[in-house]
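Heads up: the structure comes next, in structure tokens.
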Amino acid sequence: MDWITASARESFDRLQAKIEADLGSMSAKRRRAFFDRLEDRSEEIFRLAHRLYGWRWDFAWVLEELVLTAARATSDRPKWLRRGDADGAAWLHDGRSIWAMAYIDRFAGTVSELERAEGHLSSLGITHVHLMPPYAVPDGPDDGGYAVSSYRQLRSGLGSIDELGSYIKNQHQLGRGVVLDVVANHTADNHRWAEAAKRGEPPFDEFYLMFDTREEVEEWLPDLRMIFPDAGEPFVWRTDVAGPYGGKWVWSTFFDFQWDLNYQNPQVLIAMLSEMLFLANLGVVALRMDATPFLWKAKGTTCENLPEAHLILKLMASLVAVVAPSIVFLSEAIVHPDEVSAFVRPDECPLGYNPLIMALTWEALATGEVRMLADALANRTGLPPGSQWLTYIRSHDDIGWGFADEDAWRLGIDPGAHRAFLTEFYAGSVADSWARGARFQENPITGDVRISGASASLAGLETAIEAGDGEAIDLAVRRLLAAQTLAFTSVGIPLIFLGDEIGMTNDHRYGEEPTHRTDNRWMHRPRYDWARLAESNLDPTTPTGRLLAGIRRLAKLRTDHAPVFSNDVIEVLETGHPGVLGYRRSADGSELLILISFTREPSEVLAPSALASGEGTWCDVHDLARPIVDEPIELCGYQTALMTRSASHVR
Ligand code: OTU
């Protein structure tokens, strides 16, 4: 037995009596289940906590508090959730999951009005719904809910936390999982902890990263990236903070009203864990871990993607697993592709957004060439077993051209010039661009800039409708379906930003809301258009009707071919045309061959037998009676071709 194992055992043995006391109201059976789970993970918890906080004189107390926090949450865990805890998260790899995301207010109004979406979500095969942060926020700007004042209360106008709890429970009964955010990097500057910090109250005076002098700030500043340059540098001078100098500099990576938490202080981790477990006991199946790269700061580094950020997530994951073993963390890391995938690990965040495939989908549409996309799918989507991508074409955030410079150079592309082109293209400033987006958070010093815009507007629907150009409208719908086909069939679990399925375009009136005016991401967060949904449902021949029907077909395809999608391997194929992406997915003798044209011109690609080796005849996925003739395949602009064959089709 090495010393870690021995110390872990000793610590947890010592803790046993205290834990027992906290589990007072639990049955012997539940108690045993808790101790079994704790024992399974005790060494891991000890090891992780020790690496982070082992140097502290109060390490034994830290460990004790972490475990007691988990014990308390276990005794609070409602019965209806306990049954599923033993099942794990089979949905992660079952090939059937489809996610949707929405703001409660902008989509439905209030928590109780979410019920009205039931039929719609079912018709899209949605298995999981991520509700954008519904928590209490400060008055004034709140970063779309990412400035959290309290996890235990909802933003005014949405309803009560109990109503949210009932909604989650009802969804659970309908077989749908609800996902909520943990914004672990920061809180709003009026969170209870921040208010106490302002008053200089221990232990909260050490919850945030505060500096007394500008000189101290200068020691960090040169190494840091500005994430929201419009908001200024990542420190804010707060005169309302108590202190010997009548004010303090407070670290705020994002907006100045979002104060970064100080995880060097284990009390922060303990406090955040308690909030996370509160959400766990509301019944969420996954927690979206916002801004994972930023969790740990160390002088002389960029303070992004540091090893300790991973340790914190792993420690949080282990402790949550002791309480609710089936809960999955979703990593939100929008950084270099190597760093993005480093967070997606079975023992850390088993699920991760894939911002690379997202950005390259738009890159391929703009250039009409799939080489970057094909390269990334082939070389950058591998993950360790037990982890999974969340694949999407649009979210509530901006699009950053986050491909790796080295990948671009290898393909003979100058990354800087290419990013500049893509930005110009999507900002609509290139002569033949169909896109209508806007530049977001331009950094004049580094030249970095991202893009805002609704998927339909970026795909050309807005300009086409404005011009009353039927052909352009048709092209835009096909672009959107091509992009969604990729999200639904390439790798991982697809995610729809609700509104995209009915082609909702930019909300150019976002600035009428004073707190949204300076953040053009609100352009692509429009209020849901229920009338348009009704129309699109009634008439599947209208542009949005076709889009909606197309996405429903993709959803059905996933259910029909779940075994294939449950196998995480993708084989990217050489199609013989630079504008057409091809790949094969297969499992147990069943195969899917997918072709997606990213060019507006007609194209011809290799015959099926030349595209993919193997026996048997390919059939149209939507019409199994129709065998595909083995000759070069002709596609119109943005057309997709989906074929299948299985061992049983082999004659
Ligand atoms: C996230 O995004 C959220 O998705 C945003 O909506 C929030 O504004 C932000 O955090 C602050 O809470 O920069 O442009 O590497 O880049 O966390 C979006 C991850 C963002 C960050 C990402 C951030």
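Chain labels follow the order of the structure tokens: the first chain is A, the next B, and so on; residue numbering restarts at 1 in every chain, and ligands are counted from 1 in their shown order.
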Expected selection as a count of residues only for ligand 1 within 7 Å, only C-alpha atoms and all ligand atoms: 18
DSSP strand (DSSP E) residues within stretch 368-607 of chain A, as a VMD selection string: chain A and resid 388 to 392 438 to 440 450 to 452 493 to 497 571 to 573 580 to 587 590 to 597 603 to 605
Contacts of A:Ala625 within 12 Å, only C-alpha atoms, excl. fewer than 6 positions in-chain, as a PyMOL selection string: chain A and resi 617-619+643-645+649
Based on the selection just made, write C-alpha atoms of those residues as a PDB file, in the first residue's frame.
ATOM      1  CA  THR A 617     -25.387  -2.635 -52.018  1.00  0.00           C
ATOM      2  CA  TRP A 618     -26.008   0.820 -50.642  1.00  0.00           C
ATOM      3  CA  CYS A 619     -29.600   1.979 -50.333  1.00  0.00           C
ATOM      4  CA  MET A 643     -26.955   5.730 -47.729  1.00  0.00           C
ATOM      5  CA  THR A 644     -27.043   2.597 -45.686  1.00  0.00           C
ATOM      6  CA  ARG A 645     -26.301  -1.055 -46.006  1.00  0.00           C
ATOM      7  CA  HIS A 649     -28.784  -6.407 -47.341  1.00  0.00           C
TER       8      HIS A 649
END
Report the closest atom pair, with its distance in Å rounded to one decimal, for each residue of stretch 83-188 of chain A that has an atom no farther than 12 Å from stretch 467-489 of chain A; count only C-alpha atoms, sort by chain and then rising residue number, and write it as a tab-separated table.
residue	atom	partner	partner_atom	distance
A:Gly95	CA	A:Thr489	CA	9.9
A:Arg96	CA	A:Phe488	CA	10.4
A:Ser97	CA	A:Phe488	CA	10.2
A:Ile98	CA	A:Phe488	CA	8.4
A:Trp99	CA	A:Phe488	CA	10.4
A:Leu124	CA	A:Phe488	CA	11.9
A:Gly125	CA	A:Phe488	CA	11.8
Counting only C-alpha atoms, the option among A:Glu275, A:Asp347, A:Glu206, A:Asp568 closest to A:Arg152: A:Glu275
Computed interatomic separation between atom CA of A:Asn567 and atom CA of A:His93 (Å): 7.6 Å
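For the pair atom CA of A:Tyr208 and atom CA of A:Asp260, the separation is 5.9 Å.
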Exercise: A:Asn190 partners within 7 Å, only C-alpha atoms, chain neighbours under 4 positions left out, as a PDB file with N, CA and C atoms, in the first residue's frame:
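Output below, filename out_12.pdb:
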ATOM      1  N   PRO A 138     -28.010  40.098 -11.060  1.00  0.00           N
ATOM      2  CA  PRO A 138     -28.109  41.491 -10.601  1.00  0.00           C
ATOM      3  C   PRO A 138     -29.073  42.278 -11.493  1.00  0.00           C
ATOM      4  N   SER A 149     -26.252  35.477  -9.136  1.00  0.00           N
ATOM      5  CA  SER A 149     -26.341  36.049  -7.790  1.00  0.00           C
ATOM      6  C   SER A 149     -26.703  34.989  -6.766  1.00  0.00           C
ATOM      7  N   ALA A 194     -19.942  37.680  -2.633  1.00  0.00           N
ATOM      8  CA  ALA A 194     -19.286  38.918  -3.061  1.00  0.00           C
ATOM      9  C   ALA A 194     -19.661  40.064  -2.117  1.00  0.00           C
ATOM     10  N   GLU A 195     -20.924  40.087  -1.706  1.00  0.00           N
ATOM     11  CA  GLU A 195     -21.344  41.142  -0.774  1.00  0.00           C
ATOM     12  C   GLU A 195     -20.563  41.030   0.527  1.00  0.00           C
TER      13      GLU A 195
END
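Nearest residue to A:Asp87 among A:Asp139, A:Met210, A:Ser326, A:Met226 is A:Ser326, counting only C-alpha atoms.
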Per-residue DSSP, stretch 51-190 of chain A, filtered to alpha helix (DSSP H), as a ChimeraX atom specification: /A:51-53,59-76,79-85,104-107,118-123,161-173
Pick from A:Val67, A:Val284, A:Ala359, A:Met26, whichever lies nearest to A:Leu131 using only C-alpha atoms: A:Val284
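With distances taken over only C-alpha atoms, A:Arg37 is the one residue among A:Arg37, A:His622, A:Arg14, A:Arg553 lying closest to A:Ser318.
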Length of the atom CA of A:Pro266 to atom CA of A:Asp85 vector [Å]: 27.4 Å
Output as a Markdown table one row per residue of stretch 435-533 of chain A within 9 Å of stretch 107-111 of chain A: the closest atom pair and its distance in Å to one decimal place, counting only C-alpha atoms, sorted by chain and residue number ascending.
| residue | atom | partner | partner_atom | distance |
| --- | --- | --- | --- | --- |
| A:Leu498 | CA | A:Phe107 | CA | 7.8 |
| A:Gly499 | CA | A:Phe107 | CA | 8.3 |
| A:Pro526 | CA | A:Phe107 | CA | 8.5 |
| A:Arg527 | CA | A:Phe107 | CA | 6.0 |
| A:Tyr528 | CA | A:Phe107 | CA | 4.9 |
| A:Asp529 | CA | A:Phe107 | CA | 8.2 |
| A:Trp530 | CA | A:Phe107 | CA | 8.8 |
Nearest to A:Val344, chosen from A:Gly460, A:Gly579, A:Gly145, A:Gly492, with only C-alpha atoms counted in the distances: A:Gly492
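Candidate residues A:Phe211, A:Tyr53, A:Trp220, A:Trp259 were compared for distance to A:His191, and the nearest is A:Trp259, using only C-alpha atoms.
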Show me, as a Markdown table, the residues of stretch 377-405 of chain A having an atom within 12 Å of stretch 424-434 of chain A, each with the closest atom pair and its distance in Å, using only C-alpha atoms.
| residue | atom | partner | partner_atom | distance |
| --- | --- | --- | --- | --- |
| A:Asp398 | CA | A:Tyr426 | CA | 11.5 |
| A:Ile399 | CA | A:Tyr426 | CA | 9.9 |
| A:Gly400 | CA | A:Tyr426 | CA | 11.4 |
| A:Trp401 | CA | A:Tyr426 | CA | 11.3 |
Show me, as a tab-separated table, the residues of stretch 156-226 of chain A having an atom within 10 Å of stretch 76-84 of chain A, each with the closest atom pair and its distance in Å, using only C-alpha atoms.
residue	atom	partner	partner_atom	distance
A:Lys169	CA	A:Trp80	CA	8.2
A:His172	CA	A:Leu81	CA	9.1
A:Gln173	CA	A:Trp80	CA	9.5
Neighbour list for A:Met101 as an MDAnalysis selection string, cut-off 8 Å, only C-alpha atoms, skip fewer than 3 positions in-chain: chainID A and resid 129:132 495:498
